[in-house]
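So the structure is just underneath, and the comments pick up after that.
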Amino acid sequence: MDVEAVRTFVTVADEGQFQVAAQELGVSQQAVSKRVAALERELGVRLFTRVPRGARLTLDGQAFLPHARAVLRAADKATAAVRPGRRPLRVDVMGTRAMTAGLVQDFHRAHPDVPLDVVALGADGRTVLAAVRDGSVDSGFWARRVPEDQLPPGVRSTRVADEPLLLVTGPGHPLADADSTTLHALAGHRIWMPSLTPGTEWAAYYRELAAEYGLTIDAAGPNFGTDHLLQAVAESTTVATFMGPRTPLAYPAGLDLRTIPVRHPEPVYPHSLLWREDNPHPGLAALRAHLTAGYAPDAKEHWLPGWARTGP
């Protein structure tokens, strides 16, 4: 059904005259007549009866009018849902306890006028890349930096944050009282990270880190979540784990944990923002500007995997 024909019918019904309806719609009276005639042919009924002072609804026209109004409300609502600036900006944050969730929270505090739809597709960059490419999300975070010519057509990426890693231990761990430590000093200590899923960027990151510094990173499960991991670390004298300073955003209550900076170099996890360059959502430009404004990489003091050491 032609929505404009339905809109024309409703306008004529409200105004009672084809000429006044034409003025209201900004078209000719002939165009109004043609639209109404086309709608009558489609429905197989007469909608108006011509009278000296204009047009009067027939019984069929009266029956159709409330449904026509409902059609227009639905059409207007559907249009508003996808109009740039009206639809919430859909952003994938990888996980609600990831640093990237905190970055988007900061953006929301700075730009409360930008409506957000926050989702967590997981830590696999390939999943996020596919969602951005297909339009399932407006933007998302990943770590793997690839040359522009290897990204899908129209997809762009820029680094927006480097997340430092902290060693997390319980009070009985040999390193619990250290002010800081080094990657070389961690050789021989068990670092438990059951959340590492084979094939993900996180797994590739820690595999390269372990190979370069001789670390023992245990990814054996089962993975019962961050709270269970931290409980096990707090109670152990031999197990530690890596976490960022904003991952999780709040530790479970009652746990005695130590967070120890790792220095010289400081291992950091690179976070990049993905988006489609043809995405017109005004909130996307604001998000990009907010995330890139304060980013300043420090390659001399940071350890990064080989696939993140090159490129702008």
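Following the order of the structure tokens, chains are lettered A, B, ..., residues in each are numbered from 1, and ligands are numbered from 1.
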Can you pull out the residues contacting Ile191 of chain A? Cut-off 9 Å, using only C-alpha atoms, and skip same-chain residues under 6 positions away; I want them as a list in words.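 Near Ile191 of chain A, the qualifying residues are Leu167, Leu215, Thr216, Ile217, Asp218, Ala219, Thr238, Val239, Ala240, Thr241 and Phe242 of chain A.
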Using only C-alpha atoms, which of the listed residues (A:Tyr295, A:Trp307, A:Tyr213, A:Trp275) sits closest to Arg133 of chain A?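 When distances to Arg133 of chain A are compared using only C-alpha atoms, the smallest one comes from A:Trp275.
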Looking only at strand (DSSP E or B) from DSSP on the backbone, list the matching residues of segment 49-127 of chain A as a list in words.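 So, restricting segment 49-127 of chain A to strand (DSSP E or B), we get Thr49, Arg50, Val51, Gly54, Ala55, Arg56, Leu57, Leu89, Arg90, Val91, Asp92, Leu116, Asp117, Val118 and Val119 of chain A.
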Please produce an output containing N, CA, C and O atoms for each residue in the selection, written as a compact mmCIF listing (two decimals), in the first residue's frame.
# COMPACT_ATOMS: atom_id res chain seq x y z
N THR A 49 -17.38 10.77 -1.37
CA THR A 49 -18.46 11.23 -2.23
C THR A 49 -18.29 12.73 -2.42
O THR A 49 -18.11 13.46 -1.44
N ARG A 50 -18.32 13.17 -3.68
CA ARG A 50 -18.18 14.60 -3.95
C ARG A 50 -19.47 15.32 -3.54
O ARG A 50 -20.58 14.88 -3.87
N VAL A 51 -19.33 16.42 -2.83
CA VAL A 51 -20.46 17.26 -2.41
C VAL A 51 -20.14 18.69 -2.81
O VAL A 51 -18.98 19.02 -3.10
N GLY A 54 -17.15 20.18 -1.08
CA GLY A 54 -15.90 19.42 -0.97
C GLY A 54 -16.12 17.93 -1.13
O GLY A 54 -16.74 17.48 -2.10
N ALA A 55 -15.61 17.14 -0.15
CA ALA A 55 -15.68 15.68 -0.22
C ALA A 55 -16.12 15.15 1.14
O ALA A 55 -15.70 15.64 2.19
N ARG A 56 -16.97 14.10 1.07
CA ARG A 56 -17.49 13.50 2.30
C ARG A 56 -17.15 12.03 2.27
O ARG A 56 -17.24 11.35 1.24
N LEU A 57 -16.74 11.51 3.42
CA LEU A 57 -16.38 10.09 3.51
C LEU A 57 -17.60 9.21 3.27
O LEU A 57 -18.69 9.48 3.77
N LEU A 89 22.83 4.94 19.36
CA LEU A 89 24.10 4.48 18.82
C LEU A 89 24.40 3.11 19.42
O LEU A 89 24.51 2.97 20.64
N ARG A 90 24.53 2.10 18.58
CA ARG A 90 24.73 0.73 19.05
C ARG A 90 26.22 0.42 19.07
O ARG A 90 26.89 0.38 18.03
N VAL A 91 26.77 0.18 20.27
CA VAL A 91 28.20 0.00 20.45
C VAL A 91 28.46 -1.33 21.14
O VAL A 91 27.86 -1.63 22.18
N ASP A 92 29.37 -2.13 20.56
CA ASP A 92 29.79 -3.36 21.21
C ASP A 92 31.00 -3.07 22.10
O ASP A 92 31.98 -2.48 21.65
N LEU A 116 22.37 5.61 23.74
CA LEU A 116 23.26 4.48 23.52
C LEU A 116 22.51 3.16 23.65
O LEU A 116 21.61 3.02 24.48
N ASP A 117 22.92 2.20 22.84
CA ASP A 117 22.49 0.81 22.97
C ASP A 117 23.76 -0.01 23.08
O ASP A 117 24.46 -0.24 22.09
N VAL A 118 24.13 -0.41 24.31
CA VAL A 118 25.39 -1.08 24.57
C VAL A 118 25.18 -2.59 24.55
O VAL A 118 24.29 -3.11 25.23
N VAL A 119 26.00 -3.29 23.76
CA VAL A 119 25.91 -4.75 23.67
C VAL A 119 27.29 -5.33 23.94
O VAL A 119 28.30 -4.63 23.89
I'd like to know which of A:Ser139, A:Phe9, A:Ala232, A:Ala187 is closest to Leu72 of chain A, using only C-alpha atoms. A:Phe9
Skipping near chain neighbours, those fewer than 2 positions away, what residues fall within 7 Å of Thr247 of chain A using only C-alpha atoms, listed as number ranges by chain? A: 97-99, 243-245, 249
List every residue of segment 75-204 of chain A that DSSP, applied to the backbone of this structure, assigns to helix (DSSP H, G or I), and report them as a PyMOL selection string. chain A and resi 75-82+99-110+125-134+148-150+184-186+201-204
Quote the spacing between atom CA of Glu277 of chain A and atom CA of Asp162 of chain A in Å to one decimal place. 23.3 Å
